[in-house]
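Report on one structure; see the data block that follows.
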Amino acid sequence: MNASFAALLYLISGILFILALRGLGSPETAREGNRFGVIGMAIAIITTLLYQFPASFFSFFLVVVGIAIGGAIGVWRARTIKMTEMPQLVAFFHALVGLAAVLVAASALNAPKAFGLGIPGGIHAGSLLEMALGAAIGAITFTGSIIAYLKLDGKMSGAPIMLPNRHVINIGLAALLFVFIFAFMMTEGHFVFWLIALTAFALGVLVIIPIGGADMPVVISMLNSYSGWAAAAVGFTLGNLALIITGALVGSSGAILSYVMCKGMNRSFISVILGGFGGEVAAPPPGEAGEAGKETRSVQQATPEEAGKLLKAAKRVIIVPGYGLAVAQAQHAVREIADVLKKNGADVKYAIHPVAGRMPGHMNVLLAEANVPYDEVFELEEINPEFKDADVALVIGANDVTNPAAKTDTASPIYGMPILDVELAKAVLFVKRGMGSGYAGVENELFFRPNTKMLFGDAKKVADSVLRAME
Amino acid sequence: MASELDPQTLEKLKAAAAAARQAADSAQAYADQFAAGAHGLSGGAIDPFIFRVAIFALAVFVGYYVVWSVKPALHTPLMSVTNAISSVIVVGALLSAGVEVTSADDGAGTARFYGFLALILASVNIFGGFLVTERMLSMFKKKG
């Protein structure tokens, strides 16, 4: 196979990747899209093997063994991962792409002939720049994703870690990175290459540690984007169309998701990156209810029996799930409540806020896992006009995203954040662990409205007792 | 199984294989012509790097419009599938793992080692990414 024909096949594989993303436009075509992705990947791998078959039997053996080891680990993770742990898994996968980019750039530096980059010591400066960029972005993606993984997995506190003078340190490291990249282009030095990687590794850690647990949906989208740009840079080094196209697709996809998440949280991208916000959400203190004493206004409480009665009388019910629902593993119990309601002839819908989970679209996956049909699940813009006609809005494990203060109180830190218009429903049932405030640290106006009834306790236990009361 | 294949079927299979080979050859011939044409059109004066930048820039725009058309409900599968396809970096890993190592050590051995590691990492991602996406998407069901 000659180079032009291989390039054409790589182009086809890039086009199949575009079709893979296109398929995700609707749940009906999504699985087909995923298969396009698989075919595109198979074409890319087979083309590479045919174009440059492993030089020796031992090399061929390494290729087979490498794919077998990696494939086995991948299959095992994909089969066993819990859906609540998807953000960790994705963060971990981003780390792998990042490190792979560093390693491929390092190989290209060591054996430039195999990549058509000339002889060692005589690599074109442009190729050296591409290599350095691939390694630097890959390295930042790697350590940044590892930190994100540790924070999401609870292996590291979600609280922001604020080093003194961290902005100065980060700017210093970034400047150092540019100096090293320039030196690398001039000298093609292997030692300088690893200095670039090391500096970028450090930068990746330092950029992510000050970002709090609550901002993780932005971080994970941002790292998704970085992994794409790293792949694209390596694609330029190798002159590979599949990699360039894919890198561009993934890079822009991650950037869009970061934007969507920032908008959903009413945060600017810059302020998320600067960090130091919203650490308390990753591990809410169990004694939250103790803070209730500070508030003088009183709330109305409801027993599960009263809640059950209210729900049974309702004709239109909108369920508003938040991440607390997933933490308490209450999604199945909630779906059973919905089943009973539907049997009673009530209309049940789910309202999803953009940042309802730990990553974009996370809550939709969790509900789908609990057998909630996707055509009962609605986005914020779709569902907001319907709250005024709802008899009951059942809020479980969500807080800030329902706070009407975001619309009216200009002094509130969440002012301007898009929220679900839960307060317009005739009655609001609010399931919550205690009276503590959400991650933004603001009191929810909704609790003190006359049409709101609070049910305190663990989301799963409350949902179970409401369900029993209804049956 | 093989005994069930009568000579006629065997002949047909052989013919099909020959046709496929011919198709691949002619596709390659077309590709060569196309590449030569593109090179000729630019008078051989345009650096291939510029073509790559052009493709990159266009792909960014394609990505932008395609991703905006993805429903927010499918953003998690979107992320896992973009993750899986970005492991097409495996192409680089395969090239370096299969590199020729000669007795005069010119770094090829090191390159092969890095390539092998990168191949493992990328394979975890390819298999894990596509499979977990499939697993998630199979959960999305319609009413009834």
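Identifiers in the structure tokens: chain A, B, ... in order shown; residue index from 1 per chain; ligand index from 1 in order shown.
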
Would you list the contacts of range 91-103 of chain A as an mmCIF file with C-alpha atoms, in the first residue's frame, taking every protein, DNA or RNA residue within 6 Å and counting only C-alpha atoms, but skipping same-chain residues closer than 6 positions in sequence?
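Listed below is the output, result-v9.cif:
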```
data_model
loop_
_atom_site.group_PDB
_atom_site.id
_atom_site.type_symbol
_atom_site.label_atom_id
_atom_site.label_comp_id
_atom_site.auth_asym_id
_atom_site.auth_seq_id
_atom_site.Cartn_x
_atom_site.Cartn_y
_atom_site.Cartn_z
ATOM 1 C CA ALA A 135 3.921 16.061 24.381
ATOM 2 C CA GLY A 138 -0.634 15.402 26.382
ATOM 3 C CA ALA A 139 1.309 15.697 29.630
ATOM 4 C CA THR A 141 -3.993 16.238 30.047
ATOM 5 C CA PHE A 142 -2.422 13.241 31.751
ATOM 6 C CA SER A 145 -7.004 14.033 34.412
ATOM 7 C CA TYR A 149 -10.019 11.212 38.607
ATOM 8 C CA SER A 227 -6.937 15.323 24.893
ATOM 9 C CA TYR B 114 7.443 3.667 24.194
ATOM 10 C CA ALA B 118 1.334 3.718 24.160
ATOM 11 C CA LEU B 121 -2.893 2.656 26.836
ATOM 12 C CA ASN B 125 -9.293 3.349 25.568
#
```

What lies within 10 Å of range 53-58 of chain B using only C-alpha atoms, ignoring chain neighbours under 4 positions off, as an NGL selection string?
(:A and (11 or 232 or 235-236 or 241 or 243-249)) or (:B and (48-49 or 62-64))

Next, write the just-selected residues to a file, as a PDB file, in the first residue's frame, keeping N, CA, C and O atoms as the atom set.
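Below is the file that was written, selection13.pdb:
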```pdb
ATOM      1  N   LEU A  11      -8.499   9.218   5.746  1.00  0.00           N
ATOM      2  CA  LEU A  11      -9.544  10.232   5.558  1.00  0.00           C
ATOM      3  C   LEU A  11     -10.917   9.595   5.761  1.00  0.00           C
ATOM      4  O   LEU A  11     -11.794  10.152   6.429  1.00  0.00           O
ATOM      5  N   ALA A 232      -4.433  15.955  17.995  1.00  0.00           N
ATOM      6  CA  ALA A 232      -4.256  16.685  16.746  1.00  0.00           C
ATOM      7  C   ALA A 232      -2.789  17.056  16.539  1.00  0.00           C
ATOM      8  O   ALA A 232      -2.259  16.928  15.435  1.00  0.00           O
ATOM      9  N   GLY A 235      -1.046  14.199  15.427  1.00  0.00           N
ATOM     10  CA  GLY A 235      -1.464  13.966  14.045  1.00  0.00           C
ATOM     11  C   GLY A 235      -0.654  14.790  13.070  1.00  0.00           C
ATOM     12  O   GLY A 235      -0.280  14.312  12.002  1.00  0.00           O
ATOM     13  N   PHE A 236      -0.332  16.032  13.435  1.00  0.00           N
ATOM     14  CA  PHE A 236       0.506  16.878  12.572  1.00  0.00           C
ATOM     15  C   PHE A 236       1.906  16.297  12.459  1.00  0.00           C
ATOM     16  O   PHE A 236       2.494  16.268  11.377  1.00  0.00           O
ATOM     17  N   LEU A 241      -4.103  12.002   8.658  1.00  0.00           N
ATOM     18  CA  LEU A 241      -5.393  12.699   8.530  1.00  0.00           C
ATOM     19  C   LEU A 241      -6.408  12.252   9.576  1.00  0.00           C
ATOM     20  O   LEU A 241      -7.152  13.066  10.122  1.00  0.00           O
ATOM     21  N   LEU A 243      -5.940  11.257  12.574  1.00  0.00           N
ATOM     22  CA  LEU A 243      -5.621  11.871  13.870  1.00  0.00           C
ATOM     23  C   LEU A 243      -5.922  13.369  13.870  1.00  0.00           C
ATOM     24  O   LEU A 243      -6.426  13.911  14.850  1.00  0.00           O
ATOM     25  N   ILE A 244      -5.604  14.034  12.757  1.00  0.00           N
ATOM     26  CA  ILE A 244      -5.840  15.482  12.694  1.00  0.00           C
ATOM     27  C   ILE A 244      -7.343  15.766  12.780  1.00  0.00           C
ATOM     28  O   ILE A 244      -7.788  16.605  13.567  1.00  0.00           O
ATOM     29  N   ILE A 245      -8.119  15.024  11.982  1.00  0.00           N
ATOM     30  CA  ILE A 245      -9.577  15.247  11.975  1.00  0.00           C
ATOM     31  C   ILE A 245     -10.159  14.930  13.353  1.00  0.00           C
ATOM     32  O   ILE A 245     -10.908  15.714  13.930  1.00  0.00           O
ATOM     33  N   THR A 246      -9.779  13.759  13.898  1.00  0.00           N
ATOM     34  CA  THR A 246     -10.321  13.366  15.188  1.00  0.00           C
ATOM     35  C   THR A 246      -9.948  14.355  16.281  1.00  0.00           C
ATOM     36  O   THR A 246     -10.782  14.750  17.098  1.00  0.00           O
ATOM     37  N   GLY A 247      -8.668  14.768  16.275  1.00  0.00           N
ATOM     38  CA  GLY A 247      -8.221  15.718  17.279  1.00  0.00           C
ATOM     39  C   GLY A 247      -9.045  16.994  17.232  1.00  0.00           C
ATOM     40  O   GLY A 247      -9.473  17.517  18.267  1.00  0.00           O
ATOM     41  N   ALA A 248      -9.297  17.476  16.018  1.00  0.00           N
ATOM     42  CA  ALA A 248     -10.087  18.702  15.862  1.00  0.00           C
ATOM     43  C   ALA A 248     -11.518  18.496  16.357  1.00  0.00           C
ATOM     44  O   ALA A 248     -12.079  19.355  17.048  1.00  0.00           O
ATOM     45  N   LEU A 249     -12.108  17.331  16.019  1.00  0.00           N
ATOM     46  CA  LEU A 249     -13.482  17.043  16.448  1.00  0.00           C
ATOM     47  C   LEU A 249     -13.567  17.015  17.966  1.00  0.00           C
ATOM     48  O   LEU A 249     -14.430  17.652  18.580  1.00  0.00           O
TER      49      LEU A 249
ATOM     50  N   PRO B  48       2.854  20.345   2.242  1.00  0.00           N
ATOM     51  CA  PRO B  48       1.772  19.483   2.734  1.00  0.00           C
ATOM     52  C   PRO B  48       1.226  19.960   4.080  1.00  0.00           C
ATOM     53  O   PRO B  48       0.063  19.718   4.416  1.00  0.00           O
ATOM     54  N   PHE B  49       2.060  20.650   4.819  1.00  0.00           N
ATOM     55  CA  PHE B  49       1.640  21.171   6.122  1.00  0.00           C
ATOM     56  C   PHE B  49       0.406  22.063   5.976  1.00  0.00           C
ATOM     57  O   PHE B  49      -0.517  22.006   6.790  1.00  0.00           O
ATOM     58  N   VAL B  62     -16.494  21.493  11.409  1.00  0.00           N
ATOM     59  CA  VAL B  62     -17.418  20.347  11.348  1.00  0.00           C
ATOM     60  C   VAL B  62     -17.760  19.907  12.763  1.00  0.00           C
ATOM     61  O   VAL B  62     -18.926  19.718  13.110  1.00  0.00           O
ATOM     62  N   GLY B  63     -16.730  19.781  13.601  1.00  0.00           N
ATOM     63  CA  GLY B  63     -16.939  19.366  14.987  1.00  0.00           C
ATOM     64  C   GLY B  63     -17.880  20.315  15.700  1.00  0.00           C
ATOM     65  O   GLY B  63     -18.811  19.899  16.377  1.00  0.00           O
ATOM     66  N   TYR B  64     -17.649  21.607  15.506  1.00  0.00           N
ATOM     67  CA  TYR B  64     -18.476  22.623  16.167  1.00  0.00           C
ATOM     68  C   TYR B  64     -19.958  22.427  15.835  1.00  0.00           C
ATOM     69  O   TYR B  64     -20.796  22.347  16.731  1.00  0.00           O
TER      70      TYR B  64
END
```

Selection: 10 Å around Lys71 in chain B, only C-alpha atoms, excl. self and same-chain fewer than 4 positions, as a PDB file with N, CA, C and O atoms, in the first residue's frame:
```pdb
ATOM      1  N   LEU A  24     -25.067  10.692  17.320  1.00  0.00           N
ATOM      2  CA  LEU A  24     -25.519  11.009  18.680  1.00  0.00           C
ATOM      3  C   LEU A  24     -26.554  12.133  18.689  1.00  0.00           C
ATOM      4  O   LEU A  24     -27.013  12.547  19.745  1.00  0.00           O
ATOM      5  N   GLY A  25     -26.929  12.612  17.511  1.00  0.00           N
ATOM      6  CA  GLY A  25     -27.954  13.658  17.441  1.00  0.00           C
ATOM      7  C   GLY A  25     -29.276  13.203  18.028  1.00  0.00           C
ATOM      8  O   GLY A  25     -30.060  14.021  18.503  1.00  0.00           O
ATOM      9  N   SER A  26     -29.550  11.918  17.997  1.00  0.00           N
ATOM     10  CA  SER A  26     -30.787  11.432  18.630  1.00  0.00           C
ATOM     11  C   SER A  26     -30.568  10.018  19.154  1.00  0.00           C
ATOM     12  O   SER A  26     -29.731   9.280  18.617  1.00  0.00           O
ATOM     13  N   PRO A  27     -31.297   9.651  20.202  1.00  0.00           N
ATOM     14  CA  PRO A  27     -31.084   8.326  20.797  1.00  0.00           C
ATOM     15  C   PRO A  27     -31.345   7.185  19.804  1.00  0.00           C
ATOM     16  O   PRO A  27     -30.782   6.108  19.947  1.00  0.00           O
ATOM     17  N   GLY A 361     -24.681  15.504  30.972  1.00  0.00           N
ATOM     18  CA  GLY A 361     -25.571  14.414  30.585  1.00  0.00           C
ATOM     19  C   GLY A 361     -25.573  13.214  31.525  1.00  0.00           C
ATOM     20  O   GLY A 361     -26.211  12.197  31.254  1.00  0.00           O
ATOM     21  N   GLU A 379     -35.149  18.573  28.980  1.00  0.00           N
ATOM     22  CA  GLU A 379     -34.137  19.578  29.321  1.00  0.00           C
ATOM     23  C   GLU A 379     -34.828  20.802  29.902  1.00  0.00           C
ATOM     24  O   GLU A 379     -36.024  21.002  29.735  1.00  0.00           O
TER      25      GLU A 379
ATOM     26  N   VAL B  67     -21.396  18.837  16.997  1.00  0.00           N
ATOM     27  CA  VAL B  67     -21.566  18.661  18.440  1.00  0.00           C
ATOM     28  C   VAL B  67     -22.738  19.497  18.965  1.00  0.00           C
ATOM     29  O   VAL B  67     -23.461  19.058  19.857  1.00  0.00           O
ATOM     30  N   HIS B  75     -24.921  13.809  26.232  1.00  0.00           N
ATOM     31  CA  HIS B  75     -23.591  14.390  26.374  1.00  0.00           C
ATOM     32  C   HIS B  75     -22.584  13.441  27.021  1.00  0.00           C
ATOM     33  O   HIS B  75     -21.400  13.487  26.709  1.00  0.00           O
ATOM     34  N   LEU B  78     -21.527  11.109  24.386  1.00  0.00           N
ATOM     35  CA  LEU B  78     -20.705  11.910  23.463  1.00  0.00           C
ATOM     36  C   LEU B  78     -19.271  11.970  23.974  1.00  0.00           C
ATOM     37  O   LEU B  78     -18.316  11.774  23.230  1.00  0.00           O
TER      38      LEU B  78
END
```

Pick from A:Val462, A:Met41, A:Leu238, A:Ala326: nearest to Pro112 in chain A, with only C-alpha atoms counted?
A:Leu238

Can you check which residues of range 226-340 of chain A DSSP gives as helix (DSSP H, G or I) on the backbone and send them as a PyMOL selection string?
chain A and resi 226-238+241-265+269-274+288-294+304-313+323-327+331-340

Find, counting only C-alpha atoms, the residue in A:Ile220, A:Ala175, A:Leu129, A:Ala6 that gets nearest to Val272 in chain A.
A:Ile220

How many Å lie between CA of Pro373 in chain A and CA of Leu455 in chain A, rounded to one decimal?
26.3 Å

I'd like the neighbourhood of Ser59 in chain A as a PDB file with N, CA, C and O atoms, in the first residue's frame, where a residue qualifies if any of its atoms comes within 8 Å (using only C-alpha atoms), though same-chain residues fewer than 2 positions away should be ignored.
```
ATOM      1  N   PRO A  54       4.732  -4.484  10.957  1.00  0.00           N
ATOM      2  CA  PRO A  54       5.804  -4.585  11.953  1.00  0.00           C
ATOM      3  C   PRO A  54       7.054  -5.224  11.358  1.00  0.00           C
ATOM      4  O   PRO A  54       6.973  -6.242  10.674  1.00  0.00           O
ATOM      5  N   ALA A  55       8.213  -4.595  11.626  1.00  0.00           N
ATOM      6  CA  ALA A  55       9.442  -4.928  10.927  1.00  0.00           C
ATOM      7  C   ALA A  55       9.957  -6.338  11.220  1.00  0.00           C
ATOM      8  O   ALA A  55      10.592  -6.957  10.393  1.00  0.00           O
ATOM      9  N   SER A  56       9.670  -6.845  12.437  1.00  0.00           N
ATOM     10  CA  SER A  56      10.169  -8.181  12.747  1.00  0.00           C
ATOM     11  C   SER A  56       9.059  -8.975  13.417  1.00  0.00           C
ATOM     12  O   SER A  56       8.028  -8.419  13.797  1.00  0.00           O
ATOM     13  N   PHE A  57       9.322 -10.280  13.556  1.00  0.00           N
ATOM     14  CA  PHE A  57       8.311 -11.099  14.214  1.00  0.00           C
ATOM     15  C   PHE A  57       8.106 -10.610  15.648  1.00  0.00           C
ATOM     16  O   PHE A  57       6.985 -10.555  16.147  1.00  0.00           O
ATOM     17  N   PHE A  61       4.721  -9.465  17.420  1.00  0.00           N
ATOM     18  CA  PHE A  61       4.314 -10.066  18.675  1.00  0.00           C
ATOM     19  C   PHE A  61       3.958  -8.977  19.702  1.00  0.00           C
ATOM     20  O   PHE A  61       2.930  -9.040  20.388  1.00  0.00           O
ATOM     21  N   LEU A  62       4.806  -7.919  19.773  1.00  0.00           N
ATOM     22  CA  LEU A  62       4.541  -6.809  20.696  1.00  0.00           C
ATOM     23  C   LEU A  62       3.188  -6.148  20.389  1.00  0.00           C
ATOM     24  O   LEU A  62       2.430  -5.818  21.293  1.00  0.00           O
ATOM     25  N   VAL A  63       2.924  -5.965  19.091  1.00  0.00           N
ATOM     26  CA  VAL A  63       1.670  -5.325  18.682  1.00  0.00           C
ATOM     27  C   VAL A  63       0.478  -6.150  19.164  1.00  0.00           C
ATOM     28  O   VAL A  63      -0.453  -5.631  19.786  1.00  0.00           O
TER      29      VAL A  63
ATOM     30  N   ALA B  97       5.651   0.751  17.734  1.00  0.00           N
ATOM     31  CA  ALA B  97       5.852  -0.598  18.276  1.00  0.00           C
ATOM     32  C   ALA B  97       6.392  -1.526  17.199  1.00  0.00           C
ATOM     33  O   ALA B  97       7.074  -2.503  17.494  1.00  0.00           O
ATOM     34  N   GLY B  98       6.081  -1.213  15.934  1.00  0.00           N
ATOM     35  CA  GLY B  98       6.523  -2.101  14.859  1.00  0.00           C
ATOM     36  C   GLY B  98       7.815  -1.663  14.203  1.00  0.00           C
ATOM     37  O   GLY B  98       8.187  -2.157  13.153  1.00  0.00           O
ATOM     38  N   VAL B  99       8.520  -0.725  14.832  1.00  0.00           N
ATOM     39  CA  VAL B  99       9.699  -0.135  14.214  1.00  0.00           C
ATOM     40  C   VAL B  99      10.837  -1.157  14.097  1.00  0.00           C
ATOM     41  O   VAL B  99      10.898  -2.120  14.860  1.00  0.00           O
ATOM     42  N   GLU B 100      11.695  -0.957  13.106  1.00  0.00           N
ATOM     43  CA  GLU B 100      12.795  -1.893  12.892  1.00  0.00           C
ATOM     44  C   GLU B 100      13.956  -1.563  13.837  1.00  0.00           C
ATOM     45  O   GLU B 100      14.435  -0.441  13.873  1.00  0.00           O
ATOM     46  N   ARG B 112      10.527   1.644  20.234  1.00  0.00           N
ATOM     47  CA  ARG B 112       9.635   0.494  20.230  1.00  0.00           C
ATOM     48  C   ARG B 112       9.014   0.288  21.615  1.00  0.00           C
ATOM     49  O   ARG B 112       7.846  -0.028  21.744  1.00  0.00           O
TER      50      ARG B 112
END
```

Compile the contact shell of range 316-320 of chain A as a list of chain:residue names: residues with an atom at most 6 Å away, counting only C-alpha atoms, same-chain residues fewer than 5 positions apart removed.
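The residues that qualify are A:Ala346, A:Asp347, A:Val348, A:Lys349, A:Tyr350, A:Ala351, A:Ala390, A:Asp391, A:Val392, A:Ala393, A:Leu394, A:Val395.
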
Go ahead and write the residues just picked, C-alpha atoms, as an mmCIF file, in the first residue's frame.
```cif
data_model
loop_
_atom_site.group_PDB
_atom_site.id
_atom_site.type_symbol
_atom_site.label_atom_id
_atom_site.label_comp_id
_atom_site.auth_asym_id
_atom_site.auth_seq_id
_atom_site.Cartn_x
_atom_site.Cartn_y
_atom_site.Cartn_z
ATOM 1 C CA ALA A 346 -51.086 10.854 36.075
ATOM 2 C CA ASP A 347 -48.696 12.447 33.604
ATOM 3 C CA VAL A 348 -45.089 12.129 34.848
ATOM 4 C CA LYS A 349 -42.103 13.986 33.469
ATOM 5 C CA TYR A 350 -38.514 14.400 34.557
ATOM 6 C CA ALA A 351 -36.743 17.765 34.458
ATOM 7 C CA ALA A 390 -47.942 20.866 37.306
ATOM 8 C CA ASP A 391 -49.813 19.749 40.426
ATOM 9 C CA VAL A 392 -46.696 18.530 42.177
ATOM 10 C CA ALA A 393 -42.997 19.105 41.594
ATOM 11 C CA LEU A 394 -40.952 16.453 43.383
ATOM 12 C CA VAL A 395 -37.382 17.684 43.951
#
```

Mind checking which residues fall within 6 Å of Gly134 in chain A, counting only C-alpha atoms, ignoring those fewer than 5 positions away in the same chain, and posting them as a ChimeraX atom specification?
/A:230,233-234

Separation of CA of Phe5 in chain A from CA of Ala105 in chain A, in Å and rounded to one decimal:
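Pair CA of Phe5 in chain A / CA of Ala105 in chain A returns 24.2 Å.
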
I need the residue nearest Thr82 in chain B from this list: A:Phe115, A:Tyr226, A:Trp194, A:Tyr10. Use only C-alpha atoms for the distance.
A:Tyr226

Work out how far apart CA of Val81 in chain B and CA of Gly228 in chain A are and give it in Å to one decimal.
12.0 Å

When DSSP works through the backbone of this structure, what residues of range 349-462 of chain A end up as strand (DSSP E or B), shown as a list of chain:residue names?
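After running DSSP on the backbone, range 349-462 of chain A has strand (DSSP E or B) at A:Lys349, A:Tyr350, A:Ala351, A:Ile352, A:Val377, A:Phe378, A:Glu379, A:Val392, A:Ala393, A:Leu394, A:Val395, A:Ile396, A:Ala427, A:Val428, A:Leu429, A:Phe430, A:Val431, A:Lys432, A:Thr452, A:Lys453, A:Met454, A:Leu455, A:Phe456.
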
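Excluding Arg135 in chain B itself and same-chain residues fewer than 3 positions from it, the residues having an atom within 10 Å of it are Arg31, Ala78, Arg79, Met83 and Glu369 of chain A; Pro77, Gly129, Phe130, Leu131, Val132, Ser138, Met139 and Phe140 of chain B, counting only C-alpha atoms.
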